[in-house]
$ cat protein20.txt   # compact mmCIF, C-alpha atoms and all ligand atoms
# COMPACT_ATOMS: atom_id res chain seq x y z
CA MET A 1 107.51 67.98 98.86
CA SER A 2 109.84 67.14 95.99
CA THR A 3 107.46 68.84 93.54
CA GLN A 4 107.47 71.95 95.71
CA ARG A 5 111.26 71.93 95.87
CA LEU A 6 111.54 71.65 92.08
CA SER A 7 109.16 74.56 91.63
CA TRP A 8 111.42 76.56 93.92
CA LEU A 9 114.39 75.97 91.63
CA ALA A 10 112.57 77.54 88.70
CA HIS A 11 111.27 80.57 90.62
CA LEU A 12 114.65 81.24 92.20
CA SER A 13 116.31 80.98 88.79
CA ALA A 14 113.83 83.45 87.28
CA TRP A 15 114.40 85.93 90.10
CA LEU A 16 118.19 85.67 90.04
CA GLY A 17 118.27 85.89 86.22
CA SER A 18 116.06 89.00 86.21
CA LEU A 19 118.00 90.69 89.03
CA SER A 20 121.30 89.90 87.21
CA LEU A 21 119.94 91.52 84.06
CA ILE A 22 119.01 94.64 86.06
CA GLY A 23 122.53 94.50 87.58
CA VAL A 24 124.22 94.51 84.15
CA LEU A 25 122.03 97.42 83.05
CA CYS A 26 123.14 99.30 86.19
CA PHE A 27 126.76 98.91 85.01
CA HIS A 28 125.84 100.28 81.58
CA PHE A 29 123.85 103.30 82.84
CA PRO A 30 125.08 103.88 86.41
CA GLU A 31 124.34 107.61 86.50
CA LEU A 32 120.70 107.00 85.56
CA LEU A 33 119.90 103.69 87.23
CA THR A 34 121.87 103.68 90.48
CA SER A 35 121.49 105.86 93.54
CA ARG A 36 124.44 108.12 94.36
CA ASP A 37 123.91 107.79 98.11
CA PHE A 38 123.69 104.00 98.03
CA ARG A 39 126.66 103.64 95.64
CA ALA A 40 128.88 105.09 98.36
CA VAL A 41 128.05 102.10 100.59
CA TYR A 42 129.38 99.27 98.39
CA SER A 43 132.37 98.71 96.07
CA GLU A 44 132.47 97.87 92.38
CA ALA A 45 134.15 94.53 93.24
CA PHE A 46 131.24 93.64 95.54
CA ALA A 47 128.74 94.38 92.77
CA ARG A 48 130.69 92.23 90.28
CA HIS A 49 130.95 89.28 92.68
CA LEU A 50 127.24 89.51 93.44
CA LEU A 51 126.45 89.63 89.74
CA LEU A 52 128.64 86.58 89.03
CA ALA A 53 127.00 84.62 91.87
CA GLY A 54 123.54 85.59 90.57
CA LEU A 55 124.33 84.55 87.00
CA VAL A 56 125.87 81.19 87.94
CA SER A 57 122.98 80.38 90.31
CA ALA A 58 120.35 81.38 87.73
CA PHE A 59 121.93 79.06 85.12
CA VAL A 60 122.44 76.11 87.50
CA LEU A 61 118.99 76.28 89.13
CA GLY A 62 117.21 76.98 85.84
CA THR A 63 118.94 74.09 84.05
CA LEU A 64 118.12 71.70 86.91
CA ALA A 65 114.46 72.73 86.84
CA ILE A 66 114.29 72.29 83.05
CA LEU A 67 115.92 68.85 83.24
CA ARG A 68 113.45 67.76 85.92
CA GLY A 69 110.57 69.11 83.82
CA ARG A 70 108.99 71.33 86.48
CA ASN A 71 107.83 74.92 85.80
CA ARG A 72 109.77 74.88 82.56
CA ARG A 73 108.51 78.26 81.37
CA ILE A 74 109.56 80.00 84.57
CA ALA A 75 112.94 78.22 84.49
CA LEU A 76 113.38 79.30 80.87
CA LEU A 77 112.75 82.88 81.95
CA GLY A 78 115.62 82.49 84.44
CA VAL A 79 118.05 80.99 81.92
CA GLY A 80 116.91 83.46 79.22
CA THR A 81 117.39 86.59 81.34
CA ALA A 82 120.76 85.29 82.58
CA THR A 83 121.84 84.63 78.97
CA LEU A 84 120.82 88.14 77.97
CA ALA A 85 122.77 89.51 80.96
CA VAL A 86 125.89 87.60 79.80
CA LEU A 87 125.43 88.86 76.22
CA LEU A 88 125.31 92.41 77.60
CA GLY A 89 128.67 91.91 79.32
CA GLY A 90 128.00 89.63 82.32
CA SER A 91 130.11 90.19 85.40
CA ASP A 92 132.99 91.52 83.24
CA VAL A 93 130.78 94.31 81.89
CA GLN A 94 132.73 97.50 81.35
CA LEU A 95 132.13 100.51 83.55
CA ASP A 96 132.94 103.73 81.66
CA GLY A 97 133.00 106.10 84.60
CA ILE A 98 129.97 107.63 86.22
CA GLY A 99 128.65 110.92 84.91
CA GLN A 100 126.49 113.46 86.70
CA THR A 101 122.74 113.55 86.26
CA ARG A 102 120.12 115.53 88.06
CA TRP A 103 117.88 112.57 88.74
CA SER A 104 118.63 108.90 89.14
CA LEU A 105 116.77 105.74 90.03
CA GLY A 106 117.74 103.35 92.82
CA LEU A 107 117.72 100.05 90.91
CA ASP A 108 120.91 98.98 92.73
CA TRP A 109 119.21 99.66 96.07
CA PHE A 110 116.21 97.59 94.91
CA VAL A 111 118.33 94.59 93.80
CA VAL A 112 120.58 94.45 96.86
CA SER A 113 117.77 95.11 99.32
CA LEU A 114 115.43 92.51 97.81
CA LEU A 115 118.18 89.91 97.54
CA PHE A 116 119.40 90.21 101.13
CA SER A 117 115.93 90.59 102.69
CA ALA A 118 114.80 87.47 100.81
CA LEU A 119 117.98 85.57 101.75
CA VAL A 120 117.42 86.30 105.45
CA PHE A 121 113.64 86.18 105.78
CA ILE A 122 112.49 83.43 103.39
CA PRO A 123 114.53 80.67 105.15
CA LEU A 124 113.67 82.18 108.56
CA GLU A 125 109.93 82.16 107.78
CA ARG A 126 110.17 78.60 106.42
CA ALA A 127 111.85 77.45 109.65
CA LEU A 128 109.97 79.52 112.24
CA GLY A 129 106.82 80.61 110.42
CA ARG A 130 103.61 80.85 112.43
CA LEU A 131 101.75 79.76 109.30
CA ASP A 132 103.01 77.31 106.69
CA GLN A 133 102.74 79.87 103.92
CA SER A 134 104.49 80.08 100.55
CA PRO A 135 106.45 83.27 99.75
CA LEU A 136 104.28 83.28 96.60
CA ARG A 137 101.06 83.71 98.65
CA PRO A 138 98.12 85.75 97.29
CA GLY A 139 99.09 89.36 96.64
CA TRP A 140 102.86 88.80 96.42
CA ARG A 141 103.09 90.40 92.98
CA THR A 142 101.44 93.58 94.27
CA ASP A 143 103.81 93.69 97.23
CA VAL A 144 106.90 93.15 95.04
CA ALA A 145 105.66 96.04 92.87
CA TYR A 146 105.46 98.25 95.99
CA PHE A 147 108.93 97.11 97.06
CA PHE A 148 110.22 97.96 93.58
CA VAL A 149 108.64 101.43 93.39
CA SER A 150 109.60 102.53 96.92
CA HIS A 151 113.25 101.49 96.36
CA VAL A 152 113.65 102.71 92.79
CA LEU A 153 112.19 106.14 93.67
CA VAL A 154 114.31 106.46 96.83
CA GLN A 155 116.05 109.63 95.63
CA PHE A 156 112.78 111.45 94.89
CA ILE A 157 111.34 110.44 98.28
CA LEU A 158 114.51 111.64 100.04
CA ILE A 159 114.48 114.99 98.22
CA LEU A 160 110.87 115.67 99.25
CA VAL A 161 111.47 114.61 102.86
CA THR A 162 114.71 116.58 103.21
CA ALA A 163 113.20 119.72 101.66
CA TRP A 164 110.34 119.62 104.17
CA THR A 165 112.43 118.87 107.29
CA THR A 166 115.21 121.38 106.59
CA GLY A 167 112.62 124.03 105.65
CA VAL A 168 110.68 123.64 108.90
CA ALA A 169 113.82 123.15 111.01
CA ALA A 170 115.15 126.50 109.75
CA LEU A 171 111.97 128.19 111.08
CA ALA A 172 111.87 126.34 114.37
CA ALA A 173 115.38 126.43 115.80
CA PHE A 174 116.04 126.02 119.52
CA PRO A 175 119.85 126.39 119.83
CA ALA A 176 119.98 125.85 123.62
CA LEU A 177 117.89 122.66 123.45
CA GLN A 178 119.82 121.39 120.43
CA SER A 179 123.22 121.85 122.08
CA ALA A 180 121.93 120.17 125.25
CA ILE A 181 120.80 117.14 123.20
CA GLN A 182 124.06 117.03 121.23
CA SER A 183 126.04 116.96 124.47
CA LEU A 184 124.44 113.59 125.35
CA PRO A 185 126.27 110.33 124.48
CA THR A 186 125.26 108.90 121.08
CA TRP A 187 123.57 105.78 122.55
CA LEU A 188 121.30 107.98 124.69
CA GLN A 189 120.54 110.28 121.74
CA PHE A 190 119.63 107.17 119.75
CA ALA A 191 117.27 105.88 122.48
CA LEU A 192 115.58 109.29 122.76
CA ALA A 193 115.37 109.61 118.96
CA VAL A 194 113.56 106.25 118.75
CA PHE A 195 111.08 107.37 121.44
CA PHE A 196 110.32 110.78 119.89
CA ALA A 197 110.15 109.38 116.36
CA ASP A 198 107.75 106.65 117.46
CA LEU A 199 105.60 109.18 119.33
CA ALA A 200 105.34 111.28 116.14
CA GLN A 201 104.73 108.15 114.03
CA ALA A 202 102.01 106.78 116.35
CA THR A 203 100.23 110.16 116.56
CA LEU A 204 100.17 110.44 112.77
CA HIS A 205 99.24 106.75 112.47
CA ARG A 206 96.22 107.31 114.74
CA ALA A 207 95.21 110.27 112.53
CA TYR A 208 95.42 107.97 109.48
CA HIS A 209 92.92 105.67 111.18
CA ARG A 210 90.55 108.34 112.48
CA THR A 211 90.43 110.83 109.58
CA PRO A 212 88.40 109.42 106.67
CA TRP A 213 90.43 111.00 103.82
CA LEU A 214 93.74 109.97 105.43
CA TRP A 215 92.38 106.44 105.97
CA ARG A 216 91.93 106.14 102.20
CA PHE A 217 95.71 106.32 101.81
CA HIS A 218 96.49 104.15 104.84
CA SER A 219 93.86 101.50 104.05
CA VAL A 220 96.15 100.39 101.21
CA HIS A 221 98.70 99.24 103.82
CA HIS A 222 95.97 97.36 105.70
CA SER A 223 94.65 95.62 102.58
CA SER A 224 97.22 92.77 102.78
CA THR A 225 95.45 89.57 103.73
CA HIS A 226 98.71 87.70 104.27
CA MET A 227 101.49 88.85 106.56
CA ASP A 228 105.16 88.24 105.84
CA TRP A 229 108.43 90.19 105.45
CA LEU A 230 107.20 91.64 102.16
CA ALA A 231 103.68 92.64 103.27
CA GLY A 232 104.84 95.84 105.01
CA SER A 233 106.08 97.22 101.66
CA ARG A 234 102.48 97.82 100.60
CA MET A 235 102.21 101.54 101.31
CA HIS A 236 100.81 104.42 99.24
CA LEU A 237 103.60 106.77 98.07
CA VAL A 238 101.78 109.72 99.65
CA GLU A 239 101.87 107.89 102.99
CA ILE A 240 105.58 107.05 102.59
CA VAL A 241 106.54 110.69 102.00
CA LEU A 242 104.16 112.13 104.62
CA THR A 243 105.14 109.66 107.33
CA ARG A 244 108.89 109.94 106.77
CA ALA A 245 108.70 113.73 106.70
CA MET A 246 106.63 113.98 109.88
CA VAL A 247 108.70 111.40 111.77
CA LEU A 248 112.06 112.90 110.83
CA LEU A 249 110.91 116.41 111.72
CA PRO A 250 111.15 116.14 115.55
CA LEU A 251 114.59 114.52 115.20
CA VAL A 252 115.92 117.40 113.09
CA VAL A 253 114.22 120.14 115.16
CA LEU A 254 115.48 118.67 118.45
CA GLY A 255 119.00 118.60 116.97
CA PHE A 256 119.94 114.93 117.28
CA SER A 257 123.39 114.14 115.82
CA GLN A 258 123.57 112.69 112.31
CA GLY A 259 124.96 109.44 113.78
CA ALA A 260 121.90 108.99 116.01
CA ILE A 261 119.53 109.80 113.12
CA ASN A 262 121.33 107.36 110.78
CA ALA A 263 121.12 104.60 113.41
CA TYR A 264 117.40 105.33 113.77
CA VAL A 265 116.85 105.12 109.97
CA ILE A 266 118.54 101.69 109.89
CA LEU A 267 116.44 100.49 112.85
CA VAL A 268 113.15 101.62 111.31
CA GLY A 269 113.97 99.74 108.08
CA LEU A 270 114.73 96.53 109.96
CA GLN A 271 111.90 96.73 112.49
CA ALA A 272 109.28 97.52 109.83
CA VAL A 273 110.20 94.33 107.97
CA LEU A 274 110.41 92.25 111.15
CA ALA A 275 107.06 93.50 112.53
CA HIS A 276 105.18 92.16 109.47
CA ALA A 277 107.15 88.90 109.19
CA ASN A 278 105.46 85.52 109.43
CA LEU A 279 107.44 84.46 112.52
CA GLY A 280 105.68 82.46 115.22
CA VAL A 281 108.41 82.80 117.84
CA ARG A 282 107.17 83.84 121.30
CA PHE A 283 109.40 86.44 122.89
CA GLY A 284 107.78 86.47 126.37
CA TRP A 285 108.14 89.73 128.30
CA LEU A 286 110.11 91.28 125.46
CA GLU A 287 106.82 91.54 123.50
CA GLN A 288 105.71 94.15 126.06
CA VAL A 289 108.86 96.24 125.57
CA ILE A 290 109.70 96.10 121.85
CA VAL A 291 107.37 95.91 118.84
CA LEU A 292 107.72 92.33 117.53
CA PRO A 293 105.62 90.44 114.94
CA ARG A 294 102.67 89.47 117.20
CA TYR A 295 102.23 93.10 118.34
CA HIS A 296 101.99 94.55 114.84
CA HIS A 297 100.07 91.56 113.48
CA TRP A 298 97.26 92.49 115.90
CA HIS A 299 97.26 95.97 114.37
CA HIS A 300 96.54 94.29 111.01
CA ALA A 301 93.83 92.00 112.49
CA ARG A 302 90.41 91.94 110.85
CA GLU A 303 88.74 92.37 114.21
CA PRO A 304 86.84 95.52 115.24
CA GLY A 305 88.34 95.50 118.76
CA TYR A 306 91.88 95.78 117.44
CA VAL A 307 91.50 98.26 114.58
CA ASP A 308 92.22 101.20 116.86
CA ALA A 309 95.22 99.73 118.70
CA ASN A 310 98.99 99.20 118.55
CA TYR A 311 100.04 102.23 116.53
CA ALA A 312 103.69 102.12 117.70
CA ILE A 313 106.30 100.55 115.46
CA HIS A 314 109.22 100.56 117.96
CA LEU A 315 108.04 100.86 121.56
CA PRO A 316 104.72 99.56 122.97
CA LEU A 317 105.31 102.15 125.74
CA VAL A 318 104.12 104.79 123.27
CA ASP A 319 100.76 103.00 122.91
CA ARG A 320 100.49 102.69 126.70
CA LEU A 321 100.92 106.48 126.95
CA MET A 322 98.26 106.98 124.25
CA GLY A 323 95.89 104.41 125.78
CA THR A 324 95.95 102.26 122.64
CA PHE A 325 97.99 99.25 123.84
CA ARG A 326 96.28 95.91 123.21
CA LEU A 327 98.00 92.53 123.20
CA PRO A 328 96.23 89.28 124.21
CA ARG A 329 97.99 87.77 127.23
CA ASP A 330 97.35 84.20 126.05
CA GLY A 331 99.88 84.55 123.23
CA SER A 332 97.21 84.21 120.55
CA TRP A 333 97.43 85.54 116.99
CA PRO A 334 94.75 87.12 114.78
CA ALA A 335 92.57 84.72 112.78
CA GLU A 336 92.44 86.98 109.72
CA TYR A 337 94.24 90.04 108.33
CA GLY A 338 92.99 92.91 106.18
CA VAL A 339 90.50 95.79 106.17
CA LEU A 340 87.04 95.16 107.67
CA ASP A 341 85.36 95.80 104.31
CA PRO A 342 87.65 94.42 101.56
CA THR A 343 85.52 96.00 98.80
CA THR A 344 86.86 99.46 99.80
CA VAL A 345 90.40 98.73 98.50
CA PRO A 346 90.94 97.61 94.88
CA ASP A 347 93.64 95.13 93.80
CA GLY A 348 96.99 96.13 92.28
CA ILE A 349 99.41 98.99 92.86
CA VAL A 350 97.99 101.29 90.14
CA GLN A 351 94.34 101.10 91.24
CA GLN A 352 95.39 101.36 94.88
CA HIS A 353 97.33 104.54 94.11
CA LEU A 354 94.38 106.10 92.29
CA MET A 355 91.73 105.01 94.82
CA PRO A 356 92.24 107.83 97.41
CA PHE A 357 91.76 110.46 94.67
CA ARG A 358 88.57 108.96 93.27
CA ARG A 359 85.21 110.45 94.04
CA GLY A 360 82.94 108.83 96.57
CA LYS A 361 82.37 109.07 100.24
CA PRO A 362 85.50 108.30 102.24
CA ARG A 363 84.96 105.64 104.87
CA ALA A 364 86.42 105.64 108.34
CA GLU A 365 87.41 102.38 109.86
CA GLY A 366 89.28 103.51 112.94
ZN ZN B 1 97.45 101.25 110.62
ZN ZN B 2 101.87 97.32 109.06

$ encode --input "protein20.txt" --output "structure tokens"
Amino acid sequence: MSTQRLSWLAHLSAWLGSLSLIGVLCFHFPELLTSRDFRAVYSEAFARHLLLAGLVSAFVLGTLAILRGRNRRIALLGVGTATLAVLLGGSDVQLDGIGQTRWSLGLDWFVVSLLFSALVFIPLERALGRLDQSPLRPGWRTDVAYFFVSHVLVQFILILVTAWTTGVAALAAFPALQSAIQSLPTWLQFALAVFFADLAQATLHRAYHRTPWLWRFHSVHHSSTHMDWLAGSRMHLVEIVLTRAMVLLPLVVLGFSQGAINAYVILVGLQAVLAHANLGVRFGWLEQVIVLPRYHHWHHAREPGYVDANYAIHLPLVDRLMGTFRLPRDGSWPAEYGVLDPTTVPDGIVQQHLMPFRRGKPRAEG
């Protein structure tokens, strides 16, 4: 146990040092490296405090790990990146105003999102995990790479999705229906938005499973053999753009208010992480009403009887309507996760992104 704890010090130091270095670079090149939409959500003071906390923790944890002689090279990476971050200005780094650029990356969104998701879910999974599984389980590097790419490219994804939804919404406008929906209270609009979005998502999700060329893209998501808060990040960029565009479309066409749509976007982010998490808590009857870990874990099961089930990501009701609801009543969990034939999906984010475009007969697994 003590060895494991010491190893943790080094890994945490390396992560905090690297994230601090990215943070300092964001201060130097804000117009290129940070997302304009996300910048509006936090203050400069918040970013500086976070950076200071990251730097101090990286130094303290890294030094402790080095003194105890465990994972020295990883601990040195933590102290080294933190030192470089301090040399580049540390938490007092100057911010020379933010210029305008056409394109920008979302490195700030990546750092903050990874930090807070890890802070919430790693301790939660340690305490309530169904399996005693390290956060550094097989495939974690691939999943961090997916987390990185999907967050850093957030602006490009949003541009594609918005172009598609506003384009189609302009063609398909139903003013009477839209004003009727907008006259509803926001909480009811939100509930309806979740239902219609999940119906669109589950319909598309079933198509991913049943259409061989679409399955090639979606099989990447199913290739994770270990489930935790990070596993859901593994998703082909084509699937991310296609799914978000198709799911947002009914919400825009039906005319839901921006407040209801924003609340839905926050929910989908949280529930997607939660549904994959390694949490063994039994929620009783609630498991029949809301998509919780055990429900979505069965969708990832390496068992032929469950491949074509549980497409919903919010409401199991949607699967009941589609005839694809399947949840063992005995509270059991899948024995194994992943695609039925693991040789169909290569390892690593680059090969997985190329795989759907390679020649060869597509395979259906749904
Ligand atoms: Zn699926
Ligand atoms: Zn999933």

$ residues_near_ligand --input "protein20.txt" --ligand "ligand ZN 2 (chain B)" --cutoff "10 Å" --atoms "all atoms listed in the file" --output "compact mmCIF listing (two decimals) with C-alpha atoms, in the frame of the given file"
# COMPACT_ATOMS: atom_id res chain seq x y z
CA HIS A 218 96.49 104.15 104.84
CA HIS A 221 98.70 99.24 103.82
CA HIS A 222 95.97 97.36 105.70
CA SER A 223 94.65 95.62 102.58
CA SER A 224 97.22 92.77 102.78
CA MET A 227 101.49 88.85 106.56
CA ALA A 231 103.68 92.64 103.27
CA GLY A 232 104.84 95.84 105.01
CA SER A 233 106.08 97.22 101.66
CA ARG A 234 102.48 97.82 100.60
CA MET A 235 102.21 101.54 101.31
CA ALA A 272 109.28 97.52 109.83
CA VAL A 273 110.20 94.33 107.97
CA ALA A 275 107.06 93.50 112.53
CA HIS A 276 105.18 92.16 109.47
CA ALA A 277 107.15 88.90 109.19
CA PRO A 293 105.62 90.44 114.94
CA HIS A 296 101.99 94.55 114.84
CA HIS A 297 100.07 91.56 113.48
CA TRP A 298 97.26 92.49 115.90
CA HIS A 299 97.26 95.97 114.37
CA HIS A 300 96.54 94.29 111.01
CA TYR A 311 100.04 102.23 116.53
CA ILE A 313 106.30 100.55 115.46

$ residues_near_ligand --input "protein20.txt" --ligand "ligand ZN 1 (chain B)" --cutoff "10 Å" --atoms "only C-alpha atoms and all ligand atoms" --output "list in words"
Ala202, Leu204, His205, Arg206, Ala207, Tyr208, His209, Trp215, His218, Ser219, Val220, His221, His222, His296, His299, His300, Val307, Asp308, Ala309, Asn310, Tyr311, Ala312, Val339 and Gly366 of chain A

$ atom_distance --input "protein20.txt" --atom1 "CA of Arg72 in chain A" --atom2 "CA of Ser13 in chain A"
10.9 Å

$ residues_around --input "protein20.txt" --residues "Val112 in chain A" --least-positions-apart "4" --cutoff "10 Å" --atoms "only C-alpha atoms" --output "PDB file with C-alpha atoms, keeping the file's coordinate frame"
ATOM      1  CA  LEU A  19     118.000  90.690  89.030  1.00  0.00           C
ATOM      2  CA  GLY A  23     122.530  94.500  87.580  1.00  0.00           C
ATOM      3  CA  ALA A  47     128.740  94.380  92.770  1.00  0.00           C
ATOM      4  CA  LEU A  50     127.240  89.510  93.440  1.00  0.00           C
ATOM      5  CA  LEU A 107     117.720 100.050  90.910  1.00  0.00           C
ATOM      6  CA  ASP A 108     120.910  98.980  92.730  1.00  0.00           C
ATOM      7  CA  PHE A 116     119.400  90.210 101.130  1.00  0.00           C
ATOM      8  CA  SER A 117     115.930  90.590 102.690  1.00  0.00           C
ATOM      9  CA  ALA A 118     114.800  87.470 100.810  1.00  0.00           C
TER      10      ALA A 118
END

$ closest_residue --input "protein20.txt" --among "A:Arg216, A:His314, A:Arg294, A:Arg126" --to "His353 in chain A" --atoms "all atoms listed in the file"
A:Arg216

$ closest_atom_pairs --input "protein20.txt" --of "range 18-60 of chain A" --to "range 7-11 of chain A" --cutoff "12 Å" --atoms "all atoms listed in the file" --output "CSV"
residue,atom,partner,partner_atom,distance
A:Ser18,CA,A:His11,CA,10.7
A:Ser57,CA,A:Leu9,CA,9.7
A:Ala58,CA,A:Ala10,CA,8.7
A:Phe59,CA,A:Ala10,CA,10.1
A:Val60,CA,A:Leu9,CA,9.0

$ closest_residue --input "protein20.txt" --among "A:Asn262, A:Ser150, A:Thr211, A:Thr63" --to "Val194 in chain A" --atoms "only C-alpha atoms"
A:Asn262

$ atom_distance --input "protein20.txt" --atom1 "CA of Gly99 in chain A" --atom2 "CA of Thr166 in chain A"
27.6 Å

$ atom_distance --input "protein20.txt" --atom1 "CA of Pro316 in chain A" --atom2 "CA of Trp285 in chain A"
11.7 Å

$ residues_around --input "protein20.txt" --residues "Leu87 in chain A" --least-positions-apart "6" --cutoff "10 Å" --atoms "all atoms listed in the file" --output "PyMOL selection string"
chain A and resi 21+24+81+93

$ residues_near_point --input "protein20.txt" --point "(130.8, 89.0, 93.9)" --cutoff "12 Å" --atoms "all atoms listed in the file" --output "PyMOL selection string"
chain A and resi 20+23+42-56+90-92+112

$ build_atoms --input "protein20.txt" --residues "range 29-48 of chain A" --atoms "N, CA and C atoms" --output "mmCIF file, in the coordinates of the input"
data_model
loop_
_atom_site.group_PDB
_atom_site.id
_atom_site.type_symbol
_atom_site.label_atom_id
_atom_site.label_comp_id
_atom_site.auth_asym_id
_atom_site.auth_seq_id
_atom_site.Cartn_x
_atom_site.Cartn_y
_atom_site.Cartn_z
ATOM 1 N N PHE A 29 124.408 101.936 82.640
ATOM 2 C CA PHE A 29 123.850 103.300 82.840
ATOM 3 C C PHE A 29 123.861 103.682 84.322
ATOM 4 N N PRO A 30 125.055 103.673 84.946
ATOM 5 C CA PRO A 30 125.080 103.880 86.410
ATOM 6 C C PRO A 30 124.522 105.230 86.834
ATOM 7 N N GLU A 31 124.774 106.279 86.045
ATOM 8 C CA GLU A 31 124.340 107.610 86.500
ATOM 9 C C GLU A 31 122.822 107.746 86.472
ATOM 10 N N LEU A 32 122.161 106.921 85.637
ATOM 11 C CA LEU A 32 120.700 107.000 85.560
ATOM 12 C C LEU A 32 120.011 105.993 86.469
ATOM 13 N N LEU A 33 120.611 104.793 86.574
ATOM 14 C CA LEU A 33 119.900 103.690 87.230
ATOM 15 C C LEU A 33 120.301 103.441 88.669
ATOM 16 N N THR A 34 121.461 103.973 89.104
ATOM 17 C CA THR A 34 121.870 103.680 90.480
ATOM 18 C C THR A 34 121.849 104.945 91.336
ATOM 19 N N SER A 35 121.632 104.731 92.622
ATOM 20 C CA SER A 35 121.490 105.860 93.540
ATOM 21 C C SER A 35 122.853 106.313 94.050
ATOM 22 N N ARG A 36 123.125 107.607 93.962
ATOM 23 C CA ARG A 36 124.440 108.120 94.360
ATOM 24 C C ARG A 36 124.720 107.831 95.835
ATOM 25 N N ASP A 37 123.715 108.025 96.674
ATOM 26 C CA ASP A 37 123.910 107.790 98.110
ATOM 27 C C ASP A 37 124.207 106.329 98.403
ATOM 28 N N PHE A 38 123.476 105.428 97.738
ATOM 29 C CA PHE A 38 123.690 104.000 98.030
ATOM 30 C C PHE A 38 124.996 103.497 97.426
ATOM 31 N N ARG A 39 125.401 104.046 96.272
ATOM 32 C CA ARG A 39 126.660 103.640 95.640
ATOM 33 C C ARG A 39 127.849 103.812 96.575
ATOM 34 N N ALA A 40 127.763 104.810 97.441
ATOM 35 C CA ALA A 40 128.880 105.090 98.360
ATOM 36 C C ALA A 40 129.051 103.967 99.385
ATOM 37 N N VAL A 41 128.036 103.123 99.534
ATOM 38 C CA VAL A 41 128.050 102.100 100.590
ATOM 39 C C VAL A 41 128.758 100.815 100.148
ATOM 40 N N TYR A 42 128.779 100.531 98.845
ATOM 41 C CA TYR A 42 129.380 99.270 98.390
ATOM 42 C C TYR A 42 130.437 99.549 97.316
ATOM 43 N N SER A 43 131.293 98.530 97.055
ATOM 44 C CA SER A 43 132.370 98.710 96.070
ATOM 45 C C SER A 43 131.981 98.068 94.745
ATOM 46 N N GLU A 44 132.713 98.446 93.699
ATOM 47 C CA GLU A 44 132.470 97.870 92.380
ATOM 48 C C GLU A 44 132.741 96.360 92.414
ATOM 49 N N ALA A 45 133.805 95.954 93.153
ATOM 50 C CA ALA A 45 134.150 94.530 93.240
ATOM 51 C C ALA A 45 132.995 93.741 93.860
ATOM 52 N N PHE A 46 132.375 94.306 94.893
ATOM 53 C CA PHE A 46 131.240 93.640 95.540
ATOM 54 C C PHE A 46 130.108 93.430 94.530
ATOM 55 N N ALA A 47 129.821 94.476 93.745
ATOM 56 C CA ALA A 47 128.740 94.380 92.770
ATOM 57 C C ALA A 47 129.049 93.316 91.713
ATOM 58 N N ARG A 48 130.317 93.238 91.297
ATOM 59 C CA ARG A 48 130.690 92.230 90.280
ATOM 60 C C ARG A 48 130.584 90.817 90.830
#
